[in-house]
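**Student:** One structure is given below, represented as structure tokens, and several questions about it will come after.
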Amino acid sequence: MKDIILKTSNLTKKYKDFVALDSVNISVAKGDIYGLIGRNGAGKTTLMKVITTLTNKTDGVFSLFGKTDENLTETKRRVGSLIENPAFFASLTAYQNLKYYSIQKGIVDASKIDEILKLVKLEDARNKKFKNFSLGMKQRLGIAFAILDNPDFIVLDEPINGLDPIGISDLRETFKKLNEEKNITILISSHILSELYAVANKFCIIEKGRIVKELTKEELDSECSKCIVIKTDDTKKTTIILEKELNTTNYKVIDDTEIRLYDYLEHTDKVNKALAKNDINIMGLYETGITLEDYFKSVIKEVE
């Protein structure tokens with residue numbers, strides 16, 4: 001069984017009458033690239049700020065490396081983060097900026113800076129001034145800042161946001177390298193599920209400060225697998241027919257007019273015949289595979 005790096009229990013954060021986090025329970029295991037997915041304002045940044053002690057919780061508890069949040073003095077050194085971009089100096093180079101923060105953090109071995117720059121693919125920009133960096137380069141320097149202390153766990157808030165496809169691809173390679181070669185566990189957030197899918201092995205969907213779903217990549221693949229879409233004006237009666245006539249409960253009611261059936265993929269005609277025989281008004285019946293974006297929307301819709 002994998003060691004648990006981060007665990008939260010009913011973690012809650014309130015700002016007066018506004019509940020930013022509502023009894024959040026998540027678990028990040030050693031070696032995970034854990035994708036936190038949610039719309040802007042869903043609570044992603046607040047959760048990251050609480051577990052990195054940038055803001056105080058209101059209620060609940062969390063633990064890092066088995067230590068509760070009341071006993072994190074030593075444990076915090078094992079955590080790196082990129083939540084609010086560090087104030088890099090525009091007129092300093094990549095190397096000089098990291099050297100400045102190394103001194104602040106009490107890191108005496110400056111040779112590690114070049115190693116880190118190479119790790120995040122900035123070795124060629126070592127002597128380039130920060131003001132001349134592209135957005136992708138700025139994000140990679142931020143990640144370099146997050147791993148200066150050689151952490152075991154890093155927390156990255158929307159690092160892919162605003163990047164072009166090449167920049168996104170470069171960062172994906174960096175995340176995988178940090179995870180596989182440096183054995184760093186990563187918690188990473190985004191509002192686009194497809195971006196996280198390419199790199200994460202576990203996912204958590206958050207909406208209005210609440211955890212809606214936590215699932216592995218395999219479970220996500222299963223959720224987005226092929227299905228038969230049934231469009232009808234009577235979903236309740238339709239589900240009864242599916243269970244009694246076709247002996248299946250392997251379906252999901254999406255809304256008042258749509259059901260997705262995950263059985264009978266090779267026998268759509270049998271489904272059509274059973275429903276028609278029982279006077280179900282079929283407005284549409286076809287096979288499809290749900291996209292990641294559609295899946296995310298359908299999950300969010302359940303809590304609206």
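Scheme for the structure tokens: letters A, B, ... for chains in order shown; per-chain residue numbers from 1; ligand numbers from 1 in order shown.
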List every residue of segment 98-216 of chain A that has an atom at most 10 Å from any atom of segment 295-299 of chain A, and for each one report the closest atom pair and its distance in Å to one decimal, counting only C-alpha atoms, with rows sorted by chain and then by increasing residue number, as a tab-separated table.
**Tutor:**
residue	atom	partner	partner_atom	distance
A:His191	CA	A:Phe296	CA	9.9
A:Ile192	CA	A:Phe296	CA	8.9
A:Leu193	CA	A:Phe296	CA	7.2
A:Ser194	CA	A:Phe296	CA	9.7
A:Ile205	CA	A:Phe296	CA	8.0
A:Ile206	CA	A:Val299	CA	9.8
A:Glu207	CA	A:Val299	CA	9.5
A:Val212	CA	A:Val299	CA	7.3
A:Lys213	CA	A:Val299	CA	7.8
**Student:** Next, write the just-selected residues to a file, as a PDB file, in the first residue's frame, keeping C-alpha atoms as the atom set.
**Tutor:**
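part.pdb was written with the following content:
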ATOM      1  CA  HIS A 191     -10.008  24.224 -15.114  1.00  0.00           C
ATOM      2  CA  ILE A 192      -9.531  22.060 -18.230  1.00  0.00           C
ATOM      3  CA  LEU A 193      -9.802  18.304 -17.662  1.00  0.00           C
ATOM      4  CA  SER A 194      -8.197  17.344 -20.985  1.00  0.00           C
ATOM      5  CA  ILE A 205     -13.439  17.382  -9.350  1.00  0.00           C
ATOM      6  CA  ILE A 206     -14.326  20.306  -7.092  1.00  0.00           C
ATOM      7  CA  GLU A 207     -17.322  22.624  -7.424  1.00  0.00           C
ATOM      8  CA  VAL A 212     -17.909  16.144  -6.379  1.00  0.00           C
ATOM      9  CA  LYS A 213     -15.821  13.197  -7.553  1.00  0.00           C
TER      10      LYS A 213
END
**Student:** Show me, as CSV, the residues of segment 39-110 of chain A having an atom within 12 Å of segment 4-24 of chain A, each with the closest atom pair and its distance in Å, using only C-alpha atoms.
**Tutor:**
residue,atom,partner,partner_atom,distance
A:Gly41,CA,A:Ala20,CA,8.5
A:Ala42,CA,A:Ala20,CA,7.8
A:Gly43,CA,A:Ala20,CA,5.8
A:Lys44,CA,A:Leu21,CA,8.9
A:Thr45,CA,A:Ala20,CA,9.7
A:Thr46,CA,A:Ala20,CA,6.9
A:Leu47,CA,A:Leu21,CA,7.0
A:Met48,CA,A:Leu21,CA,10.8
A:Lys49,CA,A:Lys13,CA,10.4
A:Val50,CA,A:Lys13,CA,8.2
A:Ile51,CA,A:Leu6,CA,8.5
A:Thr52,CA,A:Leu6,CA,10.8
A:Thr55,CA,A:Lys13,CA,9.2
A:Asn56,CA,A:Lys13,CA,7.7
A:Lys57,CA,A:Lys13,CA,5.1
A:Thr58,CA,A:Lys13,CA,4.7
A:Asp59,CA,A:Thr12,CA,4.9
A:Gly60,CA,A:Leu11,CA,4.2
A:Val61,CA,A:Ser9,CA,5.3
A:Phe62,CA,A:Thr8,CA,4.1
A:Ser63,CA,A:Lys7,CA,5.3
A:Leu64,CA,A:Leu6,CA,4.8
A:Phe65,CA,A:Ile5,CA,4.7
A:Gly66,CA,A:Ile5,CA,7.1
A:Lys67,CA,A:Leu6,CA,9.3
A:Thr68,CA,A:Lys7,CA,9.2
A:Asp69,CA,A:Thr8,CA,9.8
A:Thr75,CA,A:Ile5,CA,10.6
A:Lys76,CA,A:Leu6,CA,11.9
A:Arg78,CA,A:Ile5,CA,10.4
A:Val79,CA,A:Ile5,CA,10.1
**Student:** Write out as a ChimeraX atom specification the residues lying within 8 Å of segment 97-105 of chain A, counting only C-alpha atoms and excluding same-chain residues fewer than 5 positions away.
**Tutor:** /A:88-89,92,110,113,144-145,148-149
**Student:** If we count only C-alpha atoms, what is near Phe175 of chain A at a cut-off of 12 Å, once residues fewer than 2 positions away on the same chain are taken out, given as a PyMOL selection string?
**Tutor:** chain A and resi 31-35+119-121+140+143-144+147+153-156+159-160+168-173+177-188+196+198-200
**Student:** Could you name the residues that touch Gly142 of chain A at 8 Å or less, counting only C-alpha atoms, but leaving out those on the same chain fewer than 5 positions away, as a ChimeraX atom specification?
**Tutor:** /A:82,85-86
**Student:** Could you pull out the strand (DSSP E) residues of segment 70-230 of chain A from DSSP and send them as a ChimeraX atom specification?
**Tutor:** /A:79-82,153-156,185-190,202-207,210-216,226-230
**Student:** Only C-alpha atoms, please: the residues just picked out, written as a PDB file, in the first residue's frame.
**Tutor:**
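This went into selection11.pdb:
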ATOM      1  CA  VAL A  79       6.737  20.746   0.274  1.00  0.00           C
ATOM      2  CA  GLY A  80       7.302  23.131  -2.637  1.00  0.00           C
ATOM      3  CA  SER A  81       4.580  25.245  -4.184  1.00  0.00           C
ATOM      4  CA  LEU A  82       3.719  27.574  -7.026  1.00  0.00           C
ATOM      5  CA  PHE A 153       5.756  17.035  -2.800  1.00  0.00           C
ATOM      6  CA  ILE A 154       4.935  20.057  -4.946  1.00  0.00           C
ATOM      7  CA  VAL A 155       1.669  21.982  -5.244  1.00  0.00           C
ATOM      8  CA  LEU A 156       1.103  23.798  -8.559  1.00  0.00           C
ATOM      9  CA  THR A 185       4.515  13.660  -5.830  1.00  0.00           C
ATOM     10  CA  ILE A 186       2.549  16.424  -7.560  1.00  0.00           C
ATOM     11  CA  LEU A 187      -0.765  18.135  -6.851  1.00  0.00           C
ATOM     12  CA  ILE A 188      -1.701  20.193  -9.904  1.00  0.00           C
ATOM     13  CA  SER A 189      -4.835  22.187 -10.673  1.00  0.00           C
ATOM     14  CA  SER A 190      -6.544  23.303 -13.863  1.00  0.00           C
ATOM     15  CA  LYS A 202      -5.741  10.507 -10.274  1.00  0.00           C
ATOM     16  CA  PHE A 203      -8.376  13.210 -10.475  1.00  0.00           C
ATOM     17  CA  CYS A 204     -10.572  15.203  -8.151  1.00  0.00           C
ATOM     18  CA  ILE A 205     -13.439  17.382  -9.350  1.00  0.00           C
ATOM     19  CA  ILE A 206     -14.326  20.306  -7.092  1.00  0.00           C
ATOM     20  CA  GLU A 207     -17.322  22.624  -7.424  1.00  0.00           C
ATOM     21  CA  ARG A 210     -17.191  20.680  -2.407  1.00  0.00           C
ATOM     22  CA  ILE A 211     -15.576  17.517  -3.744  1.00  0.00           C
ATOM     23  CA  VAL A 212     -17.909  16.144  -6.379  1.00  0.00           C
ATOM     24  CA  LYS A 213     -15.821  13.197  -7.553  1.00  0.00           C
ATOM     25  CA  GLU A 214     -12.456  11.578  -6.865  1.00  0.00           C
ATOM     26  CA  LEU A 215     -11.354   8.896  -9.301  1.00  0.00           C
ATOM     27  CA  THR A 216      -8.354   7.208 -10.902  1.00  0.00           C
ATOM     28  CA  LYS A 226     -18.686   4.170 -25.306  1.00  0.00           C
ATOM     29  CA  CYS A 227     -22.397   4.153 -24.595  1.00  0.00           C
ATOM     30  CA  ILE A 228     -25.841   4.250 -26.178  1.00  0.00           C
ATOM     31  CA  VAL A 229     -27.536   7.619 -25.776  1.00  0.00           C
ATOM     32  CA  ILE A 230     -31.293   7.343 -25.273  1.00  0.00           C
TER      33      ILE A 230
END
**Student:** Per residue of segment 177-261 of chain A within 10 Å of segment 269-277 of chain A, record the nearest atom pair and its distance in Å to one decimal, counting only C-alpha atoms, with rows in chain order and ascending residue number, as CSV.
**Tutor:**
residue,atom,partner,partner_atom,distance
A:Ile228,CA,A:Val271,CA,9.1
A:Ile230,CA,A:Asn272,CA,9.1
A:Lys237,CA,A:Leu275,CA,9.5
A:Thr238,CA,A:Leu275,CA,7.1
A:Thr239,CA,A:Leu275,CA,9.9
A:Ile241,CA,A:Leu275,CA,6.9
A:Leu242,CA,A:Val271,CA,8.0
A:Glu245,CA,A:Ala274,CA,6.7
A:Leu246,CA,A:Val271,CA,7.6
A:Leu261,CA,A:Val271,CA,9.5
**Student:** Just the selected residues (N, CA, C and O atoms), exported as a PDB file, in the first residue's frame, please.
**Tutor:**
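The file below, out.pdb, is the result:
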ATOM      1  N   ILE A 228     -24.677   3.976 -25.337  1.00  0.00           N
ATOM      2  CA  ILE A 228     -25.841   4.250 -26.178  1.00  0.00           C
ATOM      3  C   ILE A 228     -26.609   5.400 -25.536  1.00  0.00           C
ATOM      4  O   ILE A 228     -27.009   5.308 -24.371  1.00  0.00           O
ATOM      5  N   ILE A 230     -29.851   7.484 -25.086  1.00  0.00           N
ATOM      6  CA  ILE A 230     -31.293   7.343 -25.273  1.00  0.00           C
ATOM      7  C   ILE A 230     -31.938   8.687 -24.945  1.00  0.00           C
ATOM      8  O   ILE A 230     -31.851   9.167 -23.809  1.00  0.00           O
ATOM      9  N   LYS A 237     -39.712   5.888 -16.692  1.00  0.00           N
ATOM     10  CA  LYS A 237     -40.287   4.671 -17.272  1.00  0.00           C
ATOM     11  C   LYS A 237     -39.232   3.919 -18.082  1.00  0.00           C
ATOM     12  O   LYS A 237     -39.184   2.681 -18.068  1.00  0.00           O
ATOM     13  N   THR A 238     -38.373   4.674 -18.765  1.00  0.00           N
ATOM     14  CA  THR A 238     -37.336   4.051 -19.589  1.00  0.00           C
ATOM     15  C   THR A 238     -36.382   3.217 -18.737  1.00  0.00           C
ATOM     16  O   THR A 238     -36.010   2.098 -19.124  1.00  0.00           O
ATOM     17  N   THR A 239     -35.983   3.742 -17.575  1.00  0.00           N
ATOM     18  CA  THR A 239     -35.072   2.984 -16.714  1.00  0.00           C
ATOM     19  C   THR A 239     -35.730   1.701 -16.205  1.00  0.00           C
ATOM     20  O   THR A 239     -35.064   0.681 -16.030  1.00  0.00           O
ATOM     21  N   ILE A 241     -37.901  -0.097 -17.876  1.00  0.00           N
ATOM     22  CA  ILE A 241     -37.840  -1.034 -19.003  1.00  0.00           C
ATOM     23  C   ILE A 241     -36.432  -1.607 -19.154  1.00  0.00           C
ATOM     24  O   ILE A 241     -36.250  -2.813 -19.407  1.00  0.00           O
ATOM     25  N   LEU A 242     -35.412  -0.766 -18.993  1.00  0.00           N
ATOM     26  CA  LEU A 242     -34.033  -1.234 -19.113  1.00  0.00           C
ATOM     27  C   LEU A 242     -33.753  -2.325 -18.088  1.00  0.00           C
ATOM     28  O   LEU A 242     -33.117  -3.340 -18.400  1.00  0.00           O
ATOM     29  N   GLU A 245     -36.846  -5.430 -18.795  1.00  0.00           N
ATOM     30  CA  GLU A 245     -36.840  -6.080 -20.107  1.00  0.00           C
ATOM     31  C   GLU A 245     -35.440  -6.485 -20.557  1.00  0.00           C
ATOM     32  O   GLU A 245     -35.249  -7.537 -21.166  1.00  0.00           O
ATOM     33  N   LEU A 246     -34.436  -5.629 -20.253  1.00  0.00           N
ATOM     34  CA  LEU A 246     -33.074  -5.878 -20.735  1.00  0.00           C
ATOM     35  C   LEU A 246     -32.121  -6.311 -19.629  1.00  0.00           C
ATOM     36  O   LEU A 246     -30.935  -6.556 -19.870  1.00  0.00           O
ATOM     37  N   LEU A 261     -26.611   4.365 -21.737  1.00  0.00           N
ATOM     38  CA  LEU A 261     -26.591   2.930 -21.477  1.00  0.00           C
ATOM     39  C   LEU A 261     -25.236   2.356 -21.889  1.00  0.00           C
ATOM     40  O   LEU A 261     -24.805   2.560 -23.026  1.00  0.00           O
TER      41      LEU A 261
END
**Student:** With distances taken over only C-alpha atoms, which residue among A:Met137, A:Asn201, A:Val253, A:Arg260 lies nearest Glu302 of chain A?
**Tutor:**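 Looking at the shortest contact to Glu302 of chain A, the residue is A:Val253.
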**Student:** With DSSP run on the backbone, what are the helix (DSSP H, G or I) residues within segment 6-242 of chain A? I'd like them as a ChimeraX atom specification.
**Tutor:** /A:44-51,75-78,94-105,111-119,123-125,130-132,135-146,165-181,193-197,217-223,235-242
**Student:** As an exercise, work out the distance from atom CA of Leu220 of chain A to atom CA of Glu243 of chain A in Å and give it to one decimal place.
**Tutor:**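 Interatomic distance, atom CA of Leu220 of chain A to atom CA of Glu243 of chain A: 24.5 Å.
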**Student:** Do you know which residues are at most 12 Å from Asp233 of chain A counting only C-alpha atoms, after dropping those on the same chain fewer than 5 positions away, and could you put them as a PyMOL selection string?
**Tutor:** chain A and resi 238-239+255-259+279-284
**Student:** Could you work out how far atom CA of Gln139 of chain A lies from atom CA of Tyr197 of chain A, giving the answer in Å with one decimal?
**Tutor:** 19.4 Å
**Student:** Residues within 9 Å of Ser91 of chain A, please, as a list of chain:residue names. Count only C-alpha atoms; anything in the same chain fewer than 6 positions from it doesn't count.
**Tutor:**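 Once the adjacent positions are removed, what remains is A:Lys129, A:Phe130, A:Lys131.
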**Student:** How would the residues just chosen look if you wrote them out with C-alpha atoms as a JSON list (two decimals), in the first residue's frame?
**Tutor:**
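Done, and the output landed in selection_1.json:
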[["chain", "number", "residue", "atom", "x", "y", "z"],
["A", 129, "LYS", "CA", 16.74, 38.34, -18.23],
["A", 130, "PHE", "CA", 13.34, 37.50, -16.81],
["A", 131, "LYS", "CA", 11.68, 40.45, -18.57]]
**Student:** Calculate how many Å separate atom CA of Asp234 of chain A from atom CA of Glu293 of chain A, rounding to one decimal.
**Tutor:**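 Straight-line distance from atom CA of Asp234 of chain A to atom CA of Glu293 of chain A works out to 26.0 Å.
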**Student:** Taking only C-alpha atoms into account, name the residue in A:Thr53, A:Glu74, A:Lys2, A:Lys301 that is nearest to Val28 of chain A.
**Tutor:** A:Lys2
